[in-house]
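Take a look at the structure set out below.
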Amino acid sequence: MSTSSVSVLDRARTRVLAEGQGLDQADILEVLRLPDEDIPAALQLAHEVRMRWCGPEVEVEGIVSLKTGGCPEDCHFCSQSGLFSSPVRSVWLDIPSLVKAAEQTAATGASEFCIVAAVRGPDAKLMQQMRDGVKAIKEAVDINVAASLGMLSQEQVDDLVDMGVHRYNHNLETCRSYFPNVVTTHSWEERWSTLKMVRDSGMEVCCGGIIGLGETLEQRAEFAAQLAELEPDEVPLNFLNPRPGTPLGDQPVMDPKDALRAIAAFRLALPRTILRYAGGREITLGDLGTREGLLGGINAVIVGNYLTTLGRPATSDLELLAELKMPVKALSATL
Amino acid sequence: METTYCDRCGEPGGGAAHDGCRAARELEPPRFCAHCRRRMKVQVVPAGWTATCVEHGTLTGH
Ligand code: SF4
Ligand SMILES: [Zn+2]
Ligand SMILES: [Zn+2]
């Protein structure tokens, strides 16, 4: 183990593990720069931090796309933008299929079901679909309903609270300084202001992003520090899965070692948050990656398929959780 | 029915040129109809997917 890494992990042991405070940006960067041989120690410490400040439970979630494709925004990683020549076509999910997806998600033992739409922000039609859809889900199945519908007005925030949506996802995607390289149709600050409204409404805040967009390690550390400032209840961590036809379609899949450094660093920046494995874990880290992540600071997973791509079968993740003796967080624990 | 087009990239034929597509398809639903190359309407849900070509019908998978 190198001397400088001993010191950053030692500092983290006191500050993060013992005191429950996240690392600052300079130390996050040091973790992202650890030599290969120190990665296991960083993951081990991140795991201890998660066990101490979050506990052994793992929050399991399913996600579904209510409205796919045709988005007017230009997020350069996204196959659902209507501005690129991506093969993803626009399609709406009907309410009976939405309820069925929620039922199948609940049957895995999941406590969370997130409804997602590829939009800049909701219009009247989408809000009506949400109203009908959330009501139908709540009548049919016991599960927490979350939503991800882009940028919101105050009125829409209030409507979602009224519908019983308990958590809202809105990713900052990347750090403030790199954001204009990835999105030009709206600003990082616009995203931040939606997040503030969500926070003030009492809904839980879910905010993360994508690692491996071409950001530098400094910018990756900046991003973790900005998330820590927001103090989200949940941080979904995606790894870029380069999508054909998008501006980032030829970006290489990130180095799995860098992905593991990022998992440890984000946990050490955010000791108490729900840190969720989201998209790209299969392609970046392979089958073993799920285990390494769950033993390295991750305490939540998306099971089953994603919005436009496929995941491992839910049973593979659930069997792994059983083997690791990590209980699935029960619905009652979150109500 | 003959399959003429790659269901991932929509280009003609099979063979080694589409090895990458076949590997990627393990974690992606099809996007193009293999018979007529139309872009299909694809809905992914947590436990499966459906892909519909107006001419050639609907495929499903997990
Ligand atoms: S706003 Fe969302 S759906 Fe639209 S392009 Fe950006 S990431 Fe994709
Ligand atoms: Zn192909
Ligand atoms: Zn066809």
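For the structure tokens, the naming scheme is as follows: chains receive sequential letters (A, B, ...) according to their order of presentation, residues are indexed from 1 within each chain, and ligands are indexed from 1 in presentation order.
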
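All residues within chain B that the backbone DSSP calculation assigns to strand (DSSP E or B) are Tyr5, Pro12, Phe32, Arg39, Lys41, Val42, Gln43, Val44, Val45, Gly48, Trp49, Thr50, Ala51, Thr52, Cys53, Gly57, Thr58, Leu59, Thr60 and Gly61 of chain B.
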
Per residue of chain A within 9 Å of ligand 1, note the shortest atom pair and the distance in Å to one decimal, counting only C-alpha atoms and all ligand atoms, and order the rows by chain and increasing residue number, as JSON lines.
{"residue": "A:Thr68", "atom": "CA", "partner": "ligand 1", "partner_atom_place_in_ligand_line": "3 (S)", "distance": 7.8}
{"residue": "A:Gly69", "atom": "CA", "partner": "ligand 1", "partner_atom_place_in_ligand_line": "3 (S)", "distance": 6.8}
{"residue": "A:Gly70", "atom": "CA", "partner": "ligand 1", "partner_atom_place_in_ligand_line": "4 (Fe)", "distance": 7.9}
{"residue": "A:Cys71", "atom": "CA", "partner": "ligand 1", "partner_atom_place_in_ligand_line": "4 (Fe)", "distance": 4.5}
{"residue": "A:Pro72", "atom": "CA", "partner": "ligand 1", "partner_atom_place_in_ligand_line": "4 (Fe)", "distance": 6.3}
{"residue": "A:Glu73", "atom": "CA", "partner": "ligand 1", "partner_atom_place_in_ligand_line": "5 (S)", "distance": 4.4}
{"residue": "A:Asp74", "atom": "CA", "partner": "ligand 1", "partner_atom_place_in_ligand_line": "5 (S)", "distance": 4.8}
{"residue": "A:Cys75", "atom": "CA", "partner": "ligand 1", "partner_atom_place_in_ligand_line": "6 (Fe)", "distance": 4.2}
{"residue": "A:His76", "atom": "CA", "partner": "ligand 1", "partner_atom_place_in_ligand_line": "5 (S)", "distance": 7.3}
{"residue": "A:Phe77", "atom": "CA", "partner": "ligand 1", "partner_atom_place_in_ligand_line": "7 (S)", "distance": 7.3}
{"residue": "A:Cys78", "atom": "CA", "partner": "ligand 1", "partner_atom_place_in_ligand_line": "8 (Fe)", "distance": 4.6}
{"residue": "A:Ser79", "atom": "CA", "partner": "ligand 1", "partner_atom_place_in_ligand_line": "8 (Fe)", "distance": 6.6}
{"residue": "A:Gln80", "atom": "CA", "partner": "ligand 1", "partner_atom_place_in_ligand_line": "8 (Fe)", "distance": 5.0}
{"residue": "A:Ser81", "atom": "CA", "partner": "ligand 1", "partner_atom_place_in_ligand_line": "5 (S)", "distance": 4.1}
{"residue": "A:Gly82", "atom": "CA", "partner": "ligand 1", "partner_atom_place_in_ligand_line": "5 (S)", "distance": 7.5}
{"residue": "A:Leu83", "atom": "CA", "partner": "ligand 1", "partner_atom_place_in_ligand_line": "5 (S)", "distance": 8.3}
{"residue": "A:Val116", "atom": "CA", "partner": "ligand 1", "partner_atom_place_in_ligand_line": "3 (S)", "distance": 8.8}
{"residue": "A:Ala117", "atom": "CA", "partner": "ligand 1", "partner_atom_place_in_ligand_line": "3 (S)", "distance": 6.9}
{"residue": "A:Ala118", "atom": "CA", "partner": "ligand 1", "partner_atom_place_in_ligand_line": "3 (S)", "distance": 3.6}
{"residue": "A:Val119", "atom": "CA", "partner": "ligand 1", "partner_atom_place_in_ligand_line": "4 (Fe)", "distance": 5.2}
{"residue": "A:Arg120", "atom": "CA", "partner": "ligand 1", "partner_atom_place_in_ligand_line": "1 (S)", "distance": 5.1}
{"residue": "A:Gly121", "atom": "CA", "partner": "ligand 1", "partner_atom_place_in_ligand_line": "1 (S)", "distance": 8.0}
{"residue": "A:Ser148", "atom": "CA", "partner": "ligand 1", "partner_atom_place_in_ligand_line": "2 (Fe)", "distance": 8.9}
{"residue": "A:Leu149", "atom": "CA", "partner": "ligand 1", "partner_atom_place_in_ligand_line": "2 (Fe)", "distance": 8.2}
{"residue": "A:Gly150", "atom": "CA", "partner": "ligand 1", "partner_atom_place_in_ligand_line": "1 (S)", "distance": 6.2}
{"residue": "A:Met151", "atom": "CA", "partner": "ligand 1", "partner_atom_place_in_ligand_line": "1 (S)", "distance": 8.5}
{"residue": "A:Asn171", "atom": "CA", "partner": "ligand 1", "partner_atom_place_in_ligand_line": "7 (S)", "distance": 8.6}
{"residue": "A:Glu173", "atom": "CA", "partner": "ligand 1", "partner_atom_place_in_ligand_line": "7 (S)", "distance": 8.4}
{"residue": "A:Val183", "atom": "CA", "partner": "ligand 1", "partner_atom_place_in_ligand_line": "6 (Fe)", "distance": 7.6}
{"residue": "A:Thr185", "atom": "CA", "partner": "ligand 1", "partner_atom_place_in_ligand_line": "6 (Fe)", "distance": 8.9}
{"residue": "A:His186", "atom": "CA", "partner": "ligand 1", "partner_atom_place_in_ligand_line": "1 (S)", "distance": 8.8}

When the cut-off is 12 Å and we count only C-alpha atoms, which residues of chain B are near chain A, given as a PyMOL selection string?
chain B and resi 7-10+20-21+23-33+37-53+61-62

Show me, as a PyMOL selection string, the residues that have an atom within 10 Å of A:Arg13 when counting only C-alpha atoms, minus same-chain residues fewer than 5 positions from it.
chain A and resi 7-8+18-20+45-46+48-49+268

Leaving out A:Pro242 and any residue of its chain fewer than 4 positions from it, which residues lie within 10 Å of it when counting only C-alpha atoms, given as a CSV table (one decimal) with C-alpha atoms, in the first residue's frame?
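The result, stored in result.csv:
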chain,number,residue,atom,x,y,z
A,76,HIS,CA,-25.4,13.3,-25.3
A,77,PHE,CA,-25.5,9.8,-23.7
A,78,CYS,CA,-29.2,9.3,-24.2
A,79,SER,CA,-30.8,7.0,-26.8
A,212,GLY,CA,-17.6,7.7,-17.7
A,213,LEU,CA,-19.0,10.5,-19.9
A,246,THR,CA,-25.8,9.2,-29.7
A,247,PRO,CA,-22.9,11.7,-29.6
A,248,LEU,CA,-21.2,9.4,-26.9
A,249,GLY,CA,-21.9,6.3,-28.9
A,250,ASP,CA,-18.2,5.7,-29.6
A,251,GLN,CA,-17.0,6.6,-26.1
A,252,PRO,CA,-15.2,3.5,-24.7
A,253,VAL,CA,-16.9,1.6,-21.8
A,254,MET,CA,-15.0,2.8,-18.7
A,280,GLY,CA,-24.2,0.0,-17.1
A,283,ILE,CA,-21.4,-4.0,-19.3

Contacts of A:Leu285 at 10 Å or less, counting only C-alpha atoms, minus same-chain residues fewer than 4 places along, as a VMD selection string?
chain A and resid 239 253 to 257 259 to 260 280 to 281 289 to 293

With N, CA, C and O atoms retained, export the selected residues as a short mmCIF file (atom, residue, chain, number, x, y, z; two decimals), in the first residue's frame.
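And here is the file that came out, selection-v9.cif:
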data_model
loop_
_atom_site.label_atom_id
_atom_site.label_comp_id
_atom_site.auth_asym_id
_atom_site.auth_seq_id
_atom_site.Cartn_x
_atom_site.Cartn_y
_atom_site.Cartn_z
N PHE A 239 -23.06 3.81 -15.03
CA PHE A 239 -21.80 3.83 -15.78
C PHE A 239 -22.18 3.89 -17.26
O PHE A 239 -23.10 3.18 -17.68
N VAL A 253 -16.32 1.99 -23.09
CA VAL A 253 -16.85 1.60 -21.77
C VAL A 253 -15.74 1.86 -20.76
O VAL A 253 -14.57 1.62 -21.03
N MET A 254 -16.09 2.38 -19.60
CA MET A 254 -15.02 2.77 -18.68
C MET A 254 -14.29 1.55 -18.09
O MET A 254 -14.83 0.46 -17.99
N ASP A 255 -13.05 1.80 -17.69
CA ASP A 255 -12.21 0.79 -17.06
C ASP A 255 -12.90 0.30 -15.78
O ASP A 255 -13.27 1.11 -14.93
N PRO A 256 -13.08 -1.01 -15.63
CA PRO A 256 -13.78 -1.51 -14.43
C PRO A 256 -13.09 -1.09 -13.13
O PRO A 256 -13.76 -0.88 -12.12
N LYS A 257 -11.78 -0.94 -13.16
CA LYS A 257 -11.10 -0.51 -11.93
C LYS A 257 -11.49 0.92 -11.57
O LYS A 257 -11.67 1.25 -10.39
N ALA A 259 -14.32 2.20 -12.29
CA ALA A 259 -15.70 2.11 -11.80
C ALA A 259 -15.70 1.73 -10.31
O ALA A 259 -16.46 2.29 -9.51
N LEU A 260 -14.83 0.80 -9.93
CA LEU A 260 -14.76 0.40 -8.52
C LEU A 260 -14.23 1.54 -7.64
O LEU A 260 -14.73 1.77 -6.54
N GLY A 280 -25.62 0.17 -16.59
CA GLY A 280 -24.24 0.05 -17.05
C GLY A 280 -23.37 -0.85 -16.20
O GLY A 280 -22.22 -1.08 -16.56
N ARG A 281 -23.89 -1.37 -15.09
CA ARG A 281 -23.02 -2.20 -14.24
C ARG A 281 -22.66 -3.51 -14.95
O ARG A 281 -21.54 -4.00 -14.82
N GLY A 289 -19.17 -7.93 -10.95
CA GLY A 289 -19.21 -6.54 -10.49
C GLY A 289 -20.31 -6.28 -9.48
O GLY A 289 -20.15 -5.45 -8.59
N THR A 290 -21.41 -6.97 -9.61
CA THR A 290 -22.52 -6.73 -8.70
C THR A 290 -22.10 -7.11 -7.28
O THR A 290 -22.33 -6.38 -6.32
N ARG A 291 -21.40 -8.23 -7.16
CA ARG A 291 -20.90 -8.66 -5.85
C ARG A 291 -19.88 -7.66 -5.30
O ARG A 291 -19.95 -7.24 -4.14
N GLU A 292 -18.93 -7.26 -6.15
CA GLU A 292 -17.90 -6.33 -5.67
C GLU A 292 -18.51 -5.02 -5.20
O GLU A 292 -18.10 -4.45 -4.20
N GLY A 293 -19.51 -4.54 -5.94
CA GLY A 293 -20.17 -3.29 -5.57
C GLY A 293 -20.90 -3.41 -4.25
O GLY A 293 -20.82 -2.53 -3.39
#

Just the helix (DSSP H, G or I) stuff from chain B, please, per backbone DSSP, written as a ChimeraX atom specification.
/B:16-27

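Residue nearest A:Thr315 within the list A:Pro236, A:Gly109, A:Gly55, A:Gly164: A:Gly109 [criterion: smallest interatomic distance, only C-alpha atoms].
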
Please list as a PDB file with C-alpha atoms, in the first residue's frame every residue within 12 Å of A:Asp132, counting only C-alpha atoms and excluding residues in the same chain fewer than 6 positions away.
ATOM      1  CA  ASP A  94     -50.672   1.761 -21.243  1.00  0.00           C
ATOM      2  CA  ILE A  95     -51.976   1.779 -17.672  1.00  0.00           C
ATOM      3  CA  PRO A  96     -52.775  -1.959 -17.408  1.00  0.00           C
ATOM      4  CA  LEU A  98     -47.872  -0.197 -16.000  1.00  0.00           C
ATOM      5  CA  VAL A  99     -49.805  -1.873 -13.180  1.00  0.00           C
ATOM      6  CA  LYS A 125     -51.204  14.481 -20.829  1.00  0.00           C
ATOM      7  CA  LEU A 126     -48.287  13.004 -18.902  1.00  0.00           C
ATOM      8  CA  LYS A 138     -51.864   1.882  -5.368  1.00  0.00           C
ATOM      9  CA  GLU A 139     -55.173   0.040  -5.685  1.00  0.00           C
ATOM     10  CA  LEU A 160     -47.046  14.616  -7.471  1.00  0.00           C
ATOM     11  CA  MET A 163     -50.804  11.647  -5.954  1.00  0.00           C
ATOM     12  CA  GLY A 164     -48.703   9.973  -3.266  1.00  0.00           C
TER      13      GLY A 164
END

Which polymer residues have any atom within 7 Å of an atom of A:Pro56, counting only C-alpha atoms, with same-chain residues fewer than 2 positions away left out, as a list of chain:residue names?
A:Met51, A:Cys54, A:Val58, A:Met326, A:Pro327

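Using only C-alpha atoms, the smallest distance between any of A:Leu240, A:Ala264, A:Ser193, A:Ser316 and A:Asp38 comes from A:Ala264.
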
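The space between atom CA of A:Arg131 and atom CA of A:Ser332 spans 23.7 Å.
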
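With only C-alpha atoms and all ligand atoms as the atoms that count, the minimum distance from ligand 3 to the choices B:Asp19, B:Thr60, B:Thr4, B:Pro12 is reached by B:Thr4.
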
Restricting the calculation to only C-alpha atoms and all ligand atoms, which member of B:His56, B:Arg22, B:Gly14, B:Thr3 is positioned closest to ligand 3?
B:His56

What does the distance from atom CA of A:Thr194 to atom CA of A:Ala221 come to in Å, to one decimal?
22.7 Å

Kindly give the distance, in Å, that separates atom CA of A:Glu37 and atom CA of A:Tyr178, rounded to a single decimal.
29.2 Å
